[in-house]
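Asker: Can you keep this structure in mind? I'll have questions shortly.
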Amino acid sequence: MVQRLIIYNLIVLTFDAFTYFFMNEKYRGYLKINDYIRLFSNPMYRKSLLTKIFIVDFIVVLFFILFN
C-alpha cells in the first residue's frame with residue numbers, strides 16, 4: 001500500500017514537472033531543473049501541488065479499501 005502511494009506521488013510530481021516545463025511556451029527551451037526547484041519556494045504553488053497529491057492519495061486509499 002505504501003509503495004503504491006509513493007509511486008503515485010512520484011507520478012503526480014513528474015506530471016507536474018512536465019507540465020511546468022512544456023506548457024510554458026515563452027521559456028520552453030530555457031527552463032532548467034533549478035527553476036522548477038526554486039518554484040517550490042512559492043507558497044501557492046506548494047499548496048496546489050500538495051492538494052493534487054492529497055487527492056491522488058485519497059483516491060488510491062479509497063480504491064484500495066473498496067477493491068481489496
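Letters A, B, ... go to the chains of the C-alpha cells in the order shown; residues in each chain start at 1; ligands are counted from 1 in the same order.
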Excluding Phe22 of chain A and residues on its chain fewer than 6 positions from it, collect all residues at most 12 Å away from it, counting only C-alpha atoms, and give them as a VMD selection string.
Answerer: chain A and resid 15 to 16 28 to 32 36
Asker: I need the residues from that last selection saved to file as a compact mmCIF listing (two decimals), in the first residue's frame (with all heavy atoms), if you can.
Answerer:
```
# COMPACT_ATOMS: atom_id res chain seq x y z
N PHE A 15 4.43 14.39 -13.54
CA PHE A 15 3.47 15.01 -14.45
C PHE A 15 3.44 16.53 -14.25
O PHE A 15 3.39 17.29 -15.22
CB PHE A 15 2.08 14.42 -14.22
CG PHE A 15 1.03 14.99 -15.13
CD1 PHE A 15 1.00 14.63 -16.46
CD2 PHE A 15 0.11 15.89 -14.64
CE1 PHE A 15 0.04 15.17 -17.30
CE2 PHE A 15 -0.85 16.43 -15.47
CZ PHE A 15 -0.88 16.07 -16.81
N ASP A 16 3.52 16.97 -13.01
CA ASP A 16 3.52 18.39 -12.72
C ASP A 16 4.78 19.06 -13.27
O ASP A 16 4.71 20.15 -13.83
CB ASP A 16 3.40 18.61 -11.22
CG ASP A 16 3.18 20.06 -10.87
OD1 ASP A 16 2.12 20.58 -11.26
OD2 ASP A 16 4.06 20.65 -10.22
N ARG A 28 10.22 27.83 -23.11
CA ARG A 28 10.29 26.37 -23.24
C ARG A 28 11.73 25.85 -23.27
O ARG A 28 12.06 24.89 -22.60
CB ARG A 28 9.55 25.93 -24.49
CG ARG A 28 9.53 24.41 -24.61
CD ARG A 28 8.68 23.96 -25.73
NE ARG A 28 7.29 24.17 -25.36
CZ ARG A 28 6.28 23.99 -26.19
NH1 ARG A 28 6.51 23.63 -27.42
NH2 ARG A 28 5.06 24.18 -25.79
N GLY A 29 12.61 26.44 -24.02
CA GLY A 29 13.97 25.93 -24.13
C GLY A 29 14.90 26.42 -23.04
O GLY A 29 16.03 25.94 -22.94
N TYR A 30 14.46 27.36 -22.24
CA TYR A 30 15.35 27.98 -21.27
C TYR A 30 15.15 27.51 -19.84
O TYR A 30 15.95 27.83 -18.98
CB TYR A 30 15.17 29.51 -21.31
CG TYR A 30 15.44 30.08 -22.67
CD1 TYR A 30 14.38 30.52 -23.47
CD2 TYR A 30 16.73 30.17 -23.16
CE1 TYR A 30 14.62 31.03 -24.72
CE2 TYR A 30 16.98 30.69 -24.41
CZ TYR A 30 15.92 31.12 -25.20
OH TYR A 30 16.15 31.62 -26.44
N LEU A 31 14.07 26.80 -19.57
CA LEU A 31 13.80 26.35 -18.20
C LEU A 31 14.69 25.17 -17.83
O LEU A 31 14.88 24.26 -18.61
CB LEU A 31 12.34 25.96 -18.04
CG LEU A 31 11.34 27.11 -18.14
CD1 LEU A 31 9.93 26.56 -18.10
CD2 LEU A 31 11.55 28.11 -17.03
N LYS A 32 15.21 25.20 -16.64
CA LYS A 32 16.07 24.14 -16.13
C LYS A 32 15.46 23.58 -14.84
O LYS A 32 14.48 24.09 -14.32
CB LYS A 32 17.47 24.68 -15.82
CG LYS A 32 18.12 25.37 -16.98
CD LYS A 32 18.57 24.40 -18.01
CE LYS A 32 19.34 25.13 -19.11
NZ LYS A 32 19.00 24.73 -20.40
N TYR A 36 12.54 24.85 -11.62
CA TYR A 36 11.42 24.09 -11.04
C TYR A 36 11.59 23.94 -9.54
O TYR A 36 10.63 24.07 -8.78
CB TYR A 36 11.31 22.73 -11.71
CG TYR A 36 10.13 21.93 -11.23
CD1 TYR A 36 8.84 22.35 -11.53
CD2 TYR A 36 10.29 20.78 -10.48
CE1 TYR A 36 7.74 21.64 -11.08
CE2 TYR A 36 9.20 20.06 -10.04
CZ TYR A 36 7.94 20.49 -10.35
OH TYR A 36 6.86 19.79 -9.90
```
Asker: So that I can see what lies close to Asp57 of chain A, please list as a list in words the residues with an atom at most 12 Å from it, counting only C-alpha atoms and leaving out residues fewer than 4 positions away in the same chain.
Answerer: Met1, Val2, Gln3, Arg4, Leu5, Ile6, Ile7, Tyr8, Asn9, Leu10, Ile11, Val12, Leu50, Thr51, Lys52, Ile53, Val61, Leu62, Phe63 and Phe64 of chain A
Asker: Using backbone DSSP assignments, extract all alpha helix (DSSP H) residues from segment 18-51 of chain A; output them as a PyMOL selection string.
Answerer: chain A and resi 18-22+33-39+43-51
